[in-house]
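As provided, structure.pdb (PDB, C-alpha atoms) reads as follows.
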```pdb
ATOM      1  CA  MET U   1      34.331 -26.813   7.358
ATOM      2  CA  THR U   2      30.669 -27.211   8.380
ATOM      3  CA  ALA U   3      31.219 -25.138  11.530
ATOM      4  CA  LEU U   4      33.014 -22.493   9.476
ATOM      5  CA  ILE U   5      30.137 -22.297   6.981
ATOM      6  CA  ILE U   6      27.590 -21.922   9.793
ATOM      7  CA  LEU U   7      29.734 -19.224  11.395
ATOM      8  CA  MET U   8      30.019 -17.273   8.140
ATOM      9  CA  ILE U   9      26.267 -17.574   7.503
ATOM     10  CA  ALA U  10      25.605 -16.142  10.963
ATOM     11  CA  LEU U  11      28.163 -13.347  10.509
ATOM     12  CA  ALA U  12      26.717 -12.501   7.086
ATOM     13  CA  TYR U  13      23.221 -12.206   8.560
ATOM     14  CA  LEU U  14      24.496  -9.975  11.375
ATOM     15  CA  ALA U  15      26.389  -7.784   8.900
ATOM     16  CA  GLY U  16      23.278  -7.472   6.771
ATOM     17  CA  SER U  17      21.256  -6.554   9.857
ATOM     18  CA  VAL U  18      23.129  -3.268  10.218
ATOM     19  CA  SER U  19      20.700  -0.842   8.556
ATOM     20  CA  SER U  20      22.888   1.637   6.695
ATOM     21  CA  ALA U  21      19.910   3.774   5.682
ATOM     22  CA  VAL U  22      18.674   4.236   9.248
ATOM     23  CA  LEU U  23      22.159   4.980  10.612
ATOM     24  CA  VAL U  24      22.997   7.430   7.827
ATOM     25  CA  CYS U  25      19.690   9.231   8.296
ATOM     26  CA  ARG U  26      20.376   9.528  12.011
ATOM     27  CA  LEU U  27      23.877  10.823  11.264
ATOM     28  CA  PHE U  28      22.492  13.552   8.990
ATOM     29  CA  SER U  29      19.421  14.249  11.176
ATOM     30  CA  LEU U  30      17.069  13.059   8.438
ATOM     31  CA  PRO U  31      13.650  11.442   8.898
ATOM     32  CA  ASP U  32      13.522   7.705   9.572
ATOM     33  CA  PRO U  33      13.463   6.044   6.112
ATOM     34  CA  ARG U  34      11.291   3.240   7.510
ATOM     35  CA  THR U  35       8.421   5.646   8.151
ATOM     36  CA  GLN U  36       9.020   8.468   5.662
ATOM     37  CA  GLY U  37       9.148   8.627   1.873
ATOM     38  CA  SER U  38       8.578   5.189   0.406
ATOM     39  CA  GLY U  39       9.069   3.560   3.814
ATOM     40  CA  ASN U  40      11.898   1.483   2.378
ATOM     41  CA  PRO U  41      15.276   1.850   4.157
ATOM     42  CA  GLY U  42      17.409   1.905   1.040
ATOM     43  CA  ALA U  43      19.600   4.293  -0.921
ATOM     44  CA  THR U  44      16.824   5.519  -3.228
ATOM     45  CA  ASN U  45      14.614   6.555  -0.335
ATOM     46  CA  VAL U  46      17.560   8.177   1.456
ATOM     47  CA  TYR U  47      18.215  10.144  -1.740
ATOM     48  CA  ARG U  48      14.623  11.309  -1.699
ATOM     49  CA  LEU U  49      14.839  12.310   1.964
ATOM     50  CA  GLY U  50      18.321  13.786   2.128
ATOM     51  CA  GLY U  51      19.979  14.129  -1.243
ATOM     52  CA  ARG U  52      22.950  12.704  -3.032
ATOM     53  CA  PHE U  53      25.712  12.339  -0.429
ATOM     54  CA  PRO U  54      23.694  10.460   2.242
ATOM     55  CA  ALA U  55      22.310   8.221  -0.512
ATOM     56  CA  ILE U  56      25.781   7.407  -1.857
ATOM     57  CA  LEU U  57      27.027   6.658   1.649
ATOM     58  CA  THR U  58      24.061   4.353   2.222
ATOM     59  CA  LEU U  59      24.641   2.623  -1.108
ATOM     60  CA  VAL U  60      28.331   1.988  -0.423
ATOM     61  CA  CYS U  61      27.620   0.573   3.040
ATOM     62  CA  ASP U  62      24.825  -1.660   1.727
ATOM     63  CA  VAL U  63      27.098  -2.992  -1.019
ATOM     64  CA  LEU U  64      29.881  -3.742   1.456
ATOM     65  CA  LYS U  65      27.470  -5.727   3.642
ATOM     66  CA  GLY U  66      27.241  -8.224   0.798
ATOM     67  CA  THR U  67      30.794  -8.026  -0.490
ATOM     68  CA  ILE U  68      32.755  -8.478   2.745
ATOM     69  CA  PRO U  69      31.138 -11.727   4.018
ATOM     70  CA  VAL U  70      31.186 -13.370   0.577
ATOM     71  CA  TRP U  71      34.722 -12.279  -0.250
ATOM     72  CA  GLY U  72      35.957 -13.371   3.178
ATOM     73  CA  SER U  73      34.258 -16.750   2.760
ATOM     74  CA  TYR U  74      35.802 -17.161  -0.694
ATOM     75  CA  PHE U  75      39.307 -16.677   0.718
ATOM     76  CA  LEU U  76      38.499 -19.189   3.449
ATOM     77  CA  GLY U  77      37.953 -21.805   0.740
ATOM     78  CA  ILE U  78      34.187 -22.157   1.048
ATOM     79  CA  GLU U  79      32.542 -23.736  -2.010
ATOM     80  CA  PRO U  80      30.422 -21.699  -4.470
ATOM     81  CA  PHE U  81      27.061 -23.175  -3.423
ATOM     82  CA  TYR U  82      27.646 -22.186   0.200
ATOM     83  CA  LEU U  83      28.903 -18.777  -0.915
ATOM     84  CA  GLY U  84      25.425 -18.349  -2.359
ATOM     85  CA  ILE U  85      23.855 -19.293   0.980
ATOM     86  CA  ILE U  86      26.130 -16.794   2.752
ATOM     87  CA  ALA U  87      25.135 -14.102   0.243
ATOM     88  CA  ILE U  88      21.458 -14.875   0.852
ATOM     89  CA  ALA U  89      22.058 -14.651   4.618
ATOM     90  CA  ALA U  90      23.492 -11.145   4.186
ATOM     91  CA  CYS U  91      20.470 -10.145   2.100
ATOM     92  CA  LEU U  92      18.040 -11.651   4.621
ATOM     93  CA  GLY U  93      19.805  -9.625   7.297
ATOM     94  CA  HIS U  94      19.126  -6.494   5.262
ATOM     95  CA  ILE U  95      15.497  -7.477   4.642
ATOM     96  CA  TYR U  96      14.853  -8.638   8.227
ATOM     97  CA  PRO U  97      17.474  -6.806  10.333
ATOM     98  CA  LEU U  98      17.917  -8.209  13.835
ATOM     99  CA  PHE U  99      18.997  -4.833  15.200
ATOM    100  CA  PHE U 100      16.171  -2.775  13.672
ATOM    101  CA  GLY U 101      12.957  -4.580  14.494
ATOM    102  CA  PHE U 102      13.162  -6.896  11.457
ATOM    103  CA  LYS U 103      11.944  -4.059   9.199
ATOM    104  CA  GLY U 104      14.419  -3.728   6.353
ATOM    105  CA  GLY U 105      14.804  -2.920   2.683
ATOM    106  CA  LYS U 106      14.800  -4.711  -0.654
ATOM    107  CA  ALA U 107      18.489  -5.824  -0.440
ATOM    108  CA  VAL U 108      19.325  -4.894  -4.047
ATOM    109  CA  ALA U 109      22.623  -3.182  -3.217
ATOM    110  CA  THR U 110      23.572  -5.953  -0.771
ATOM    111  CA  ALA U 111      22.858  -8.622  -3.404
ATOM    112  CA  LEU U 112      24.901  -6.770  -6.014
ATOM    113  CA  GLY U 113      27.685  -6.378  -3.473
ATOM    114  CA  ALA U 114      27.622 -10.125  -2.876
ATOM    115  CA  MET U 115      28.135 -10.686  -6.613
ATOM    116  CA  LEU U 116      31.113  -8.317  -6.905
ATOM    117  CA  PRO U 117      33.725 -10.892  -5.780
ATOM    118  CA  ILE U 118      32.871 -12.996  -8.845
ATOM    119  CA  GLY U 119      34.825 -10.547 -10.970
ATOM    120  CA  LEU U 120      35.162  -7.025 -12.316
ATOM    121  CA  ASP U 121      33.650  -8.040 -15.657
ATOM    122  CA  LEU U 122      30.410  -9.157 -14.003
ATOM    123  CA  SER U 123      30.428  -6.115 -11.730
ATOM    124  CA  GLY U 124      30.802  -3.811 -14.714
ATOM    125  CA  LEU U 125      27.939  -5.464 -16.592
ATOM    126  CA  LEU U 126      25.649  -5.250 -13.569
ATOM    127  CA  ILE U 127      26.438  -1.590 -12.937
ATOM    128  CA  LEU U 128      26.030  -0.668 -16.608
ATOM    129  CA  THR U 129      22.717  -2.550 -16.783
ATOM    130  CA  TRP U 130      21.370  -0.720 -13.742
ATOM    131  CA  ILE U 131      22.520   2.701 -14.971
ATOM    132  CA  ALA U 132      21.169   2.133 -18.485
ATOM    133  CA  THR U 133      17.783   0.974 -17.205
ATOM    134  CA  VAL U 134      17.447   3.939 -14.842
ATOM    135  CA  PHE U 135      18.530   6.339 -17.594
ATOM    136  CA  ILE U 136      15.988   4.933 -20.038
ATOM    137  CA  SER U 137      13.060   4.369 -17.654
ATOM    138  CA  GLY U 138      13.697   6.402 -14.517
ATOM    139  CA  TYR U 139      12.503   3.504 -12.363
ATOM    140  CA  SER U 140      14.858   2.313  -9.620
ATOM    141  CA  SER U 141      12.771  -0.806  -9.042
ATOM    142  CA  LEU U 142      12.733  -1.731 -12.741
ATOM    143  CA  ALA U 143      16.502  -1.249 -12.905
ATOM    144  CA  ALA U 144      16.897  -3.603  -9.951
ATOM    145  CA  LEU U 145      14.632  -6.218 -11.519
ATOM    146  CA  VAL U 146      16.334  -6.073 -14.917
ATOM    147  CA  THR U 147      19.808  -6.178 -13.361
ATOM    148  CA  VAL U 148      19.229  -9.143 -11.050
ATOM    149  CA  GLY U 149      17.213 -10.883 -13.764
ATOM    150  CA  LEU U 150      20.163 -10.704 -16.158
ATOM    151  CA  ALA U 151      22.765 -11.477 -13.481
ATOM    152  CA  PRO U 152      22.509 -15.296 -13.833
ATOM    153  CA  VAL U 153      22.823 -14.973 -17.624
ATOM    154  CA  PHE U 154      25.932 -12.788 -17.321
ATOM    155  CA  THR U 155      27.387 -15.182 -14.743
ATOM    156  CA  TRP U 156      26.791 -18.190 -16.986
ATOM    157  CA  PHE U 157      28.983 -16.670 -19.690
ATOM    158  CA  ILE U 158      31.636 -15.305 -17.311
ATOM    159  CA  LYS U 159      31.973 -17.895 -14.498
ATOM    160  CA  PRO U 160      29.404 -20.705 -14.902
ATOM    161  CA  LEU U 161      30.406 -22.232 -11.559
ATOM    162  CA  TYR U 162      28.595 -19.401  -9.758
ATOM    163  CA  THR U 163      25.378 -19.465 -11.804
ATOM    164  CA  ILE U 164      23.321 -21.354  -9.211
ATOM    165  CA  PRO U 165      24.292 -19.074  -6.269
ATOM    166  CA  VAL U 166      23.573 -15.970  -8.362
ATOM    167  CA  THR U 167      20.241 -17.429  -9.487
ATOM    168  CA  MET U 168      19.264 -17.993  -5.845
ATOM    169  CA  LEU U 169      20.040 -14.356  -5.090
ATOM    170  CA  ALA U 170      18.088 -13.178  -8.131
ATOM    171  CA  ILE U 171      14.989 -15.149  -7.102
ATOM    172  CA  LEU U 172      15.144 -13.654  -3.595
ATOM    173  CA  ILE U 173      15.401 -10.071  -4.878
ATOM    174  CA  ILE U 174      12.698 -10.483  -7.526
ATOM    175  CA  GLY U 175      10.385 -11.984  -4.907
ATOM    176  CA  ARG U 176      11.064  -9.016  -2.650
ATOM    177  CA  HIS U 177       9.875  -6.701  -5.441
ATOM    178  CA  ARG U 178       6.408  -8.219  -5.888
ATOM    179  CA  SER U 179       4.606  -5.007  -4.933
ATOM    180  CA  ASN U 180       6.841  -2.982  -7.261
ATOM    181  CA  ILE U 181       6.043  -5.311 -10.156
ATOM    182  CA  VAL U 182       2.331  -4.783  -9.564
ATOM    183  CA  ARG U 183       2.758  -0.989  -9.461
ATOM    184  CA  LEU U 184       4.892  -1.040 -12.613
ATOM    185  CA  ILE U 185       2.208  -2.986 -14.458
ATOM    186  CA  LYS U 186      -0.475  -0.565 -13.261
ATOM    187  CA  GLY U 187       1.660   2.498 -14.072
ATOM    188  CA  LYS U 188       1.652   3.633 -10.435
ATOM    189  CA  GLU U 189       5.343   3.203  -9.649
ATOM    190  CA  GLY U 190       7.275   6.417  -9.001
ATOM    191  CA  ARG U 191      10.447   7.368 -10.826
ATOM    192  CA  ILE U 192      13.578   8.266  -8.883
ATOM    193  CA  TRP U 193      12.994  11.993  -9.335
ATOM    194  CA  ASP U 194       9.259  11.852  -8.505
ATOM    195  CA  LYS U 195       8.100  13.247  -5.188
ATOM    196  CA  GLY U 196       4.498  12.150  -5.106
ATOM    197  CA  LYS U 197       4.608   8.435  -5.860
ATOM    198  CA  THR U 198       5.983   5.374  -4.147
ATOM    199  CA  LEU U 199       9.653   4.742  -4.792
ATOM    200  CA  GLU U 200      11.509   1.426  -4.675
TER     201      GLU U 200
END
```
Could you quickly redo this structure as structure tokens?
Amino acid sequence: MTALIILMIALAYLAGSVSSAVLVCRLFSLPDPRTQGSGNPGATNVYRLGGRFPAILTLVCDVLKGTIPVWGSYFLGIEPFYLGIIAIAACLGHIYPLFFGFKGGKAVATALGAMLPIGLDLSGLLILTWIATVFISGYSSLAALVTVGLAPVFTWFIKPLYTIPVTMLAILIIGRHRSNIVRLIKGKEGRIWDKGKTLE
């Protein structure tokens, strides 16, 4: 089992290291999201650079990078705590991608994807929380922070067994958003539809 866990952690990191944003931008002949827009290779920046369809494609791929390793590990009988480690490995791959010079994104979509196998009820709550926060505030970063911040609470009521793994993921994502938190406090964070401020 130990060898299997190590293997799945490594595979999760490698899956996360595939930068969907960079590949999608290359596919659609868009600027490199690591150097243009907000400089963050994520779906929000791809939306800013290329519009809705490339952004949706990026989002789906980033979600699957978290879902597939965790779901596969679940069916292999790996315990919840180690599922959390595997989920974190996928997110670290997205943040520090081996194949793209270790310059990655915030891993929000990958983290949410890693939580999807817990159940449709949790998935629905997370998606609704993100949509509602964006609709009310317009801030992608704030929506991410609110969603991952509430994720452990939702998990506690739905499947308490997974609360610790989800909490570990939430801490990682919130820590990755330190600069966004500062900009939100100072009123300098850009909304999704803004063109002149920093996004994500």
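Atom CA of U:Gly66 sits 18.7 Å away from atom CA of U:Lys159.
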One residue among U:Ile5, U:Val63, U:Ala43, U:Leu145 is nearest to U:Cys91 when using all atoms listed in the file, and that residue is U:Val63
**OP:** Decode the PyMOL selection byres ((chain U and resi 70) around 12) for the given file into explicit residues and return them as a PyMOL selection string.
**Re:** chain U and resi 5+8-9+11-13+15-16+63-69+71-91+110-118+165
re atom CA of U:Ile158 and atom CA of U:Leu59: distance 25.2 Å
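Counting from atom CA of U:Ala170, the distance to atom CA of U:Ile127 is 15.1 Å.
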**Prompt:** If you count all atoms listed in the file, which residues fall within 12 Å of U:Val148, apart from same-chain ones fewer than 5 positions away, as a PyMOL selection string?
**Reply:** chain U and resi 107-115+122-123+125-127+129-130+133+141-143+153-155+166-177
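The shortest atom-to-atom distance to U:Leu184, with all atoms listed in the file taken into account, belongs to U:Gly138 out of U:Pro54, U:Gly138, U:Gly105, U:Gly149.
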What box, with edges along x, y and z, holds each listed atom of stretch 39-54 of chain U when 6 Å is added on every side, and can you state its centre and edge lengths in Å to one decimal, as lines of an AutoDock Vina configuration file?
```
center_x = 17.4
center_y = 7.8
center_z = 0.5
size_x = 28.6
size_y = 24.6
size_z = 19.4
```
Within 9 Å of stretch 32-40 of chain U: each stretch 90-162 of chain U residue with its shortest pair, only C-alpha atoms, as a tab-separated table:
```
residue	atom	partner	partner_atom	distance
U:Lys103	CA	U:Arg34	CA	7.5
U:Gly104	CA	U:Asn40	CA	7.0
U:Gly105	CA	U:Asn40	CA	5.3
U:Lys106	CA	U:Asn40	CA	7.5
```
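Proximity ranking of U:Gly124, U:Gly190, U:Gly101, U:Pro152 relative to U:Tyr139 places U:Gly190 first, based on only C-alpha atoms.
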- Query: Can you list what the PyMOL selection byres ((chain U and resi 58) around 7) grabs from this structure, as a ChimeraX atom specification?
  - Reply: /U:20-21,24,43,54-57,59-62
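The closest residue to U:Glu189, picked from U:Ser140, U:Thr2, U:Ser29, U:Thr163 and counting all atoms listed in the file, is U:Ser140.
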Ref. answer, residues at most 8 Å from (12.8, 11.5, -0.6) with all atoms listed in the file, as a VMD selection string:
chain U and resid 36 to 38 44 to 51 195
What does the file look like for those residues with C-alpha atoms, as an mmCIF file, in the coordinates of the input?
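Result file again_33.cif:
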```cif
data_model
loop_
_atom_site.group_PDB
_atom_site.id
_atom_site.type_symbol
_atom_site.label_atom_id
_atom_site.label_comp_id
_atom_site.auth_asym_id
_atom_site.auth_seq_id
_atom_site.Cartn_x
_atom_site.Cartn_y
_atom_site.Cartn_z
ATOM 1 C CA GLN U 36 9.020 8.468 5.662
ATOM 2 C CA GLY U 37 9.148 8.627 1.873
ATOM 3 C CA SER U 38 8.578 5.189 0.406
ATOM 4 C CA THR U 44 16.824 5.519 -3.228
ATOM 5 C CA ASN U 45 14.614 6.555 -0.335
ATOM 6 C CA VAL U 46 17.560 8.177 1.456
ATOM 7 C CA TYR U 47 18.215 10.144 -1.740
ATOM 8 C CA ARG U 48 14.623 11.309 -1.699
ATOM 9 C CA LEU U 49 14.839 12.310 1.964
ATOM 10 C CA GLY U 50 18.321 13.786 2.128
ATOM 11 C CA GLY U 51 19.979 14.129 -1.243
ATOM 12 C CA LYS U 195 8.100 13.247 -5.188
#
```
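Using all atoms listed in the file, the smallest distance between any of U:Ala144, U:Leu27, U:Val182, U:Val18 and U:Gly93 comes from U:Val18.
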